$ cat target04.cif   # mmCIF, C-alpha atoms and all ligand atoms
data_data
loop_
_atom_site.label_atom_id
_atom_site.label_comp_id
_atom_site.auth_asym_id
_atom_site.auth_seq_id
_atom_site.Cartn_x
_atom_site.Cartn_y
_atom_site.Cartn_z
CA MET Z 1 -19.18 -172.57 75.96
CA TRP Z 2 -17.61 -169.48 74.45
CA GLU Z 3 -20.24 -169.06 71.76
CA ASP Z 4 -22.97 -169.37 74.40
CA ARG Z 5 -21.24 -166.80 76.56
CA TYR Z 6 -21.02 -164.27 73.77
CA ALA Z 7 -24.47 -165.01 72.32
CA SER Z 8 -26.17 -164.54 75.69
CA ALA Z 9 -24.45 -161.18 76.29
CA GLU Z 10 -26.07 -158.01 75.05
CA ASP Z 11 -22.86 -156.00 75.06
CA TYR Z 12 -19.16 -156.60 74.41
CA VAL Z 13 -18.11 -159.10 77.08
CA PHE Z 14 -14.55 -157.71 77.33
CA GLY Z 15 -15.44 -154.16 76.33
CA LYS Z 16 -14.45 -152.30 73.18
CA ALA Z 17 -11.16 -150.80 74.39
CA PRO Z 18 -7.92 -152.70 73.77
CA ALA Z 19 -5.98 -154.31 76.60
CA ALA Z 20 -4.00 -151.53 78.31
CA PHE Z 21 -0.87 -153.54 77.63
CA LEU Z 22 -1.21 -152.71 73.92
CA THR Z 23 -1.73 -148.99 74.38
CA GLU Z 24 1.08 -148.78 76.94
CA ASN Z 25 3.54 -150.55 74.64
CA PRO Z 26 2.94 -149.01 71.21
CA TRP Z 27 6.50 -149.86 70.17
CA ILE Z 28 5.53 -153.48 69.63
CA THR Z 29 4.04 -152.59 66.22
CA ALA Z 30 7.21 -150.83 65.02
CA GLY Z 31 8.34 -152.18 61.67
CA ALA Z 32 5.34 -154.51 61.33
CA LYS Z 33 3.00 -154.49 58.35
CA THR Z 34 0.95 -157.61 59.07
CA ALA Z 35 -0.49 -158.93 62.30
CA LEU Z 36 -2.35 -162.03 63.43
CA ALA Z 37 -4.63 -161.70 66.47
CA VAL Z 38 -5.39 -165.20 67.73
CA ALA Z 39 -8.55 -166.12 69.67
CA ASP Z 40 -9.35 -162.45 69.22
CA GLY Z 41 -12.88 -162.49 70.64
CA GLU Z 42 -14.91 -159.40 69.82
CA GLY Z 43 -12.06 -157.55 68.16
CA ARG Z 44 -11.02 -154.94 70.69
CA ASN Z 45 -7.32 -155.71 70.23
CA SER Z 46 -7.32 -156.36 66.47
CA VAL Z 47 -9.21 -153.12 65.82
CA HIS Z 48 -6.60 -151.25 67.85
CA LEU Z 49 -3.83 -152.79 65.72
CA ALA Z 50 -5.70 -151.95 62.50
CA LYS Z 51 -6.10 -148.34 63.69
CA ALA Z 52 -2.33 -148.30 64.18
CA GLY Z 53 -2.00 -149.02 60.45
CA LEU Z 54 -1.42 -152.77 60.39
CA ASP Z 55 -2.98 -155.22 57.99
CA VAL Z 56 -4.71 -157.41 60.58
CA THR Z 57 -5.94 -160.99 60.30
CA SER Z 58 -7.81 -162.53 63.22
CA PHE Z 59 -9.65 -165.65 64.21
CA ASP Z 60 -11.87 -166.89 66.99
CA LEU Z 61 -14.07 -169.93 67.33
CA SER Z 62 -17.19 -167.90 68.22
CA PRO Z 63 -19.24 -166.65 65.25
CA THR Z 64 -21.00 -164.12 67.49
CA ALA Z 65 -17.69 -162.67 68.68
CA VAL Z 66 -16.32 -162.48 65.14
CA GLY Z 67 -19.49 -160.68 64.01
CA ARG Z 68 -18.98 -158.15 66.80
CA ALA Z 69 -15.36 -157.72 65.75
CA GLN Z 70 -16.53 -156.82 62.26
CA ASP Z 71 -19.03 -154.32 63.69
CA LEU Z 72 -16.34 -152.77 65.89
CA ALA Z 73 -13.99 -152.46 62.89
CA ALA Z 74 -16.68 -150.87 60.74
CA GLY Z 75 -17.45 -148.36 63.49
CA ALA Z 76 -13.76 -147.49 63.73
CA GLY Z 77 -13.42 -147.10 59.96
CA VAL Z 78 -10.89 -149.94 59.58
CA THR Z 79 -11.01 -153.39 58.03
CA LEU Z 80 -10.11 -156.75 59.53
CA ASP Z 81 -9.63 -160.06 57.80
CA THR Z 82 -11.65 -162.07 60.31
CA HIS Z 83 -12.17 -165.82 60.41
CA VAL Z 84 -14.34 -168.14 62.45
CA SER Z 85 -11.87 -170.89 63.29
CA ASP Z 86 -10.93 -173.25 66.05
CA TRP Z 87 -7.24 -173.25 67.01
CA ASP Z 88 -6.58 -176.53 65.20
CA GLY Z 89 -8.48 -175.38 62.12
CA TRP Z 90 -6.23 -172.37 61.53
CA ASP Z 91 -3.63 -172.49 58.75
CA TRP Z 92 -0.47 -172.31 60.85
CA THR Z 93 1.76 -172.18 57.78
CA ARG Z 94 0.74 -168.50 57.38
CA ARG Z 95 3.33 -166.09 58.77
CA PHE Z 96 2.96 -162.56 60.15
CA ASP Z 97 5.23 -159.73 61.31
CA LEU Z 98 3.37 -159.56 64.63
CA VAL Z 99 1.48 -162.35 66.37
CA VAL Z 100 -0.70 -161.32 69.31
CA GLY Z 101 -2.24 -163.64 71.91
CA ILE Z 102 -4.18 -161.79 74.59
CA PHE Z 103 -5.95 -163.79 77.31
CA ILE Z 104 -5.72 -167.10 75.49
CA GLN Z 105 -5.26 -169.28 78.60
CA PHE Z 106 -7.99 -171.74 77.69
CA MET Z 107 -5.56 -174.67 77.26
CA GLY Z 108 -3.88 -176.85 79.88
CA PRO Z 109 -0.13 -177.51 79.86
CA ASP Z 110 0.02 -180.23 77.18
CA ALA Z 111 -2.19 -178.45 74.65
CA ARG Z 112 -0.52 -175.15 75.57
CA ALA Z 113 2.90 -176.48 74.58
CA ARG Z 114 1.51 -177.20 71.11
CA GLN Z 115 -0.29 -173.83 71.13
CA PHE Z 116 3.00 -172.03 71.79
CA GLU Z 117 4.66 -173.98 68.97
CA THR Z 118 1.96 -172.84 66.52
CA LEU Z 119 2.39 -169.22 67.64
CA ARG Z 120 6.14 -169.48 67.08
CA ALA Z 121 5.57 -170.96 63.61
CA ALA Z 122 3.25 -168.08 62.67
CA THR Z 123 5.88 -165.44 63.50
CA LYS Z 124 8.06 -164.34 60.60
CA PRO Z 125 11.83 -164.30 61.11
CA GLY Z 126 12.55 -160.86 62.58
CA GLY Z 127 8.92 -160.54 63.71
CA ARG Z 128 7.44 -160.22 67.18
CA LEU Z 129 5.29 -162.53 69.25
CA VAL Z 130 3.28 -161.06 72.08
CA LEU Z 131 1.43 -162.74 74.95
CA HIS Z 132 -0.60 -161.04 77.66
CA GLY Z 133 -2.39 -163.02 80.35
CA TYR Z 134 -2.61 -163.96 83.99
CA THR Z 135 -0.16 -165.33 86.56
CA PRO Z 136 -1.11 -167.94 89.23
CA ASP Z 137 -1.91 -165.10 91.67
CA GLN Z 138 -5.01 -164.45 89.55
CA ILE Z 139 -6.70 -167.60 90.89
CA GLU Z 140 -7.00 -166.00 94.34
CA LEU Z 141 -8.11 -162.67 92.87
CA GLY Z 142 -10.81 -164.33 90.74
CA THR Z 143 -11.53 -161.29 88.59
CA GLY Z 144 -11.29 -163.05 85.23
CA GLY Z 145 -9.75 -165.97 83.43
CA PRO Z 146 -10.20 -169.70 83.95
CA PRO Z 147 -9.99 -171.09 87.51
CA PHE Z 148 -7.13 -173.43 86.61
CA VAL Z 149 -3.76 -172.61 88.12
CA GLU Z 150 -2.01 -174.87 85.61
CA ASN Z 151 -3.22 -172.65 82.75
CA MET Z 152 -1.58 -169.55 84.20
CA TYR Z 153 1.76 -168.15 83.00
CA THR Z 154 4.87 -167.54 85.04
CA GLU Z 155 7.98 -165.75 83.88
CA ALA Z 156 9.88 -169.04 84.18
CA LEU Z 157 7.34 -170.85 81.99
CA LEU Z 158 7.50 -168.18 79.29
CA ARG Z 159 11.31 -168.15 79.41
CA GLN Z 160 11.25 -171.91 79.02
CA HIS Z 161 9.19 -171.69 75.81
CA PHE Z 162 10.48 -168.43 74.32
CA GLY Z 163 13.86 -167.77 75.93
CA ASP Z 164 15.68 -168.75 72.74
CA TRP Z 165 14.25 -165.62 71.07
CA GLN Z 166 15.14 -162.07 72.08
CA ILE Z 167 13.05 -161.13 75.10
CA GLU Z 168 12.05 -157.46 74.73
CA ARG Z 169 9.60 -157.40 77.62
CA LEU Z 170 8.77 -159.92 80.33
CA ALA Z 171 6.93 -158.45 83.29
CA SER Z 172 4.41 -159.58 85.90
CA TYR Z 173 2.42 -157.05 87.90
CA GLU Z 174 -0.91 -156.35 89.58
CA ARG Z 175 -3.34 -153.76 88.34
CA ASP Z 176 -7.02 -152.77 88.40
CA VAL Z 177 -8.55 -153.85 85.11
CA GLN Z 178 -11.95 -152.85 83.75
CA GLU Z 179 -12.53 -154.76 80.53
CA GLY Z 180 -16.26 -155.26 80.28
CA ARG Z 181 -17.89 -157.74 82.63
CA GLY Z 182 -15.39 -160.41 81.58
CA HIS Z 183 -12.36 -158.90 83.30
CA SER Z 184 -13.16 -156.63 86.19
CA GLY Z 185 -11.07 -155.77 89.24
CA ARG Z 186 -7.62 -156.29 90.70
CA SER Z 187 -5.72 -158.59 88.35
CA ALA Z 188 -2.37 -160.42 88.31
CA LEU Z 189 -1.03 -159.86 84.81
CA ILE Z 190 1.98 -160.91 82.79
CA ASP Z 191 3.33 -159.57 79.49
CA LEU Z 192 5.74 -161.18 77.08
CA VAL Z 193 7.21 -159.62 73.92
CA VAL Z 194 9.79 -161.67 72.05
CA ARG Z 195 11.50 -161.15 68.73
CA ARG Z 196 12.25 -164.08 66.46
CA PRO Z 197 15.80 -164.03 65.11
CA ALA Z 198 15.91 -162.70 61.53
C1 LIG Z 201 -10.75 -164.59 77.40
S1 LIG Z 201 -11.31 -164.48 75.74
C2 LIG Z 201 -10.17 -163.28 75.08
C3 LIG Z 201 -10.65 -162.67 73.79
C4 LIG Z 201 -9.72 -161.58 73.26
N1 LIG Z 201 -8.39 -162.09 72.99
C5 LIG Z 201 -9.65 -160.40 74.17
O1 LIG Z 201 -8.62 -160.19 74.83
O2 LIG Z 201 -10.67 -159.66 74.26
C6 LIG Z 201 -10.74 -166.01 75.02
C7 LIG Z 201 -11.16 -166.21 73.58
O3 LIG Z 201 -10.64 -167.43 73.09
C8 LIG Z 201 -11.58 -168.00 72.21
N2 LIG Z 201 -11.27 -169.43 72.15
C9 LIG Z 201 -11.35 -170.33 73.15
N3 LIG Z 201 -10.94 -171.55 72.74
C10 LIG Z 201 -10.58 -171.40 71.44
C11 LIG Z 201 -10.09 -172.30 70.45
N4 LIG Z 201 -9.86 -173.58 70.74
N5 LIG Z 201 -9.85 -171.82 69.21
C12 LIG Z 201 -10.07 -170.51 68.92
N6 LIG Z 201 -10.53 -169.61 69.81
C13 LIG Z 201 -10.79 -170.05 71.06
C14 LIG Z 201 -12.93 -167.68 72.82
O4 LIG Z 201 -13.97 -167.73 71.90
C15 LIG Z 201 -12.67 -166.28 73.36
O5 LIG Z 201 -13.05 -165.29 72.43
#

$ encode --input "target04.cif" --output "structure tokens"
Amino acid sequence: MWEDRYASAEDYVFGKAPAAFLTENPWITAGAKTALAVADGEGRNSVHLAKAGLDVTSFDLSPTAVGRAQDLAAGAGVTLDTHVSDWDGWDWTRRFDLVVGIFIQFMGPDARARQFETLRAATKPGGRLVLHGYTPDQIELGTGGPPFVENMYTEALLRQHFGDWQIERLASYERDVQEGRGHSGRSALIDLVVRRPA
């Protein structure tokens, strides 16, 4: 489905600008040298991290999206280590200073529990793990994301999975988002930044 969605689009489905969450919280890259951007789509967020000076690795299952990520990086004068990979095909033994998951709510609760475990494993001791997505209020708003309330994040859910690490930011809020045709309009967002104990 995702490959078809990207391949049938003439332009960047989620735009070329990074999620505002990244630009509004530049401190999340402090002290990091390496980053992993998971299910990174067309590269808007990984390119932003590379422009901030990080050595960025990314993957997504869509070859079209990964090709666009490479084009976006070349246009910005940065390099990305991109991979076409499904979630389960990724080498989760690799570890990074910063692990970034932005709008990755394509898994239901059971698969998501395993997804969160893989993200934790990929974060170096002392490193940061970042999630940015939608809360259940997004279902009513309907301006992006899957129409499955069980895939949405709540602060309680994220505390349940990540509360044993240092929570540096956990916030839910509404905001107008313009991220290509994929995310457009009033949105119910949630941010999580946690630091793994050193
Ligand atoms: C809503 S988009 C977000 C893309 C990007 N993170 C961004 O914020 O622009 C979700 C992305 O997840 C990717 N994806 C979905 N299922 C996946 C899977 N099982 N393994 C890897 N990537 C997947 C899709 O190809 C798509 O690019």

$ residues_around --input "target04.cif" --residues "Z:Ala171" --least-positions-apart "4" --cutoff "7 Å" --atoms "all atoms listed in the file" --output "PyMOL selection string"
chain Z and resi 190-192

$ atom_distance --input "target04.cif" --atom1 "atom CA of Z:Tyr173" --atom2 "atom CA of Z:Ser187"
8.3 Å

$ residues_near_ligand --input "target04.cif" --ligand "ligand LIG 201 (chain Z)" --cutoff "9 Å" --atoms "all atoms listed in the file" --output "NGL selection string"
:Z and (1-3 or 5-6 or 13-19 or 37-46 or 59-63 or 65-66 or 84-90 or 100-107 or 132-133 or 144-146 or 179 or 182-183)

$ closest_residue --input "target04.cif" --among "Z:Leu98, Z:Ala7, Z:Leu54, Z:Ala156" --to "Z:Gly67" --atoms "only C-alpha atoms"
Z:Ala7

$ atom_distance --input "target04.cif" --atom1 "atom CA of Z:Gly142" --atom2 "atom CA of Z:Gly180"
14.9 Å

$ atom_distance --input "target04.cif" --atom1 "atom CA of Z:Lys33" --atom2 "atom CA of Z:Gly163"
24.6 Å

$ closest_residue --input "target04.cif" --among "Z:Gly53, Z:Pro197, Z:Pro147, Z:Gly75" --to "Z:Gly126" --atoms "only C-alpha atoms"
Z:Pro197
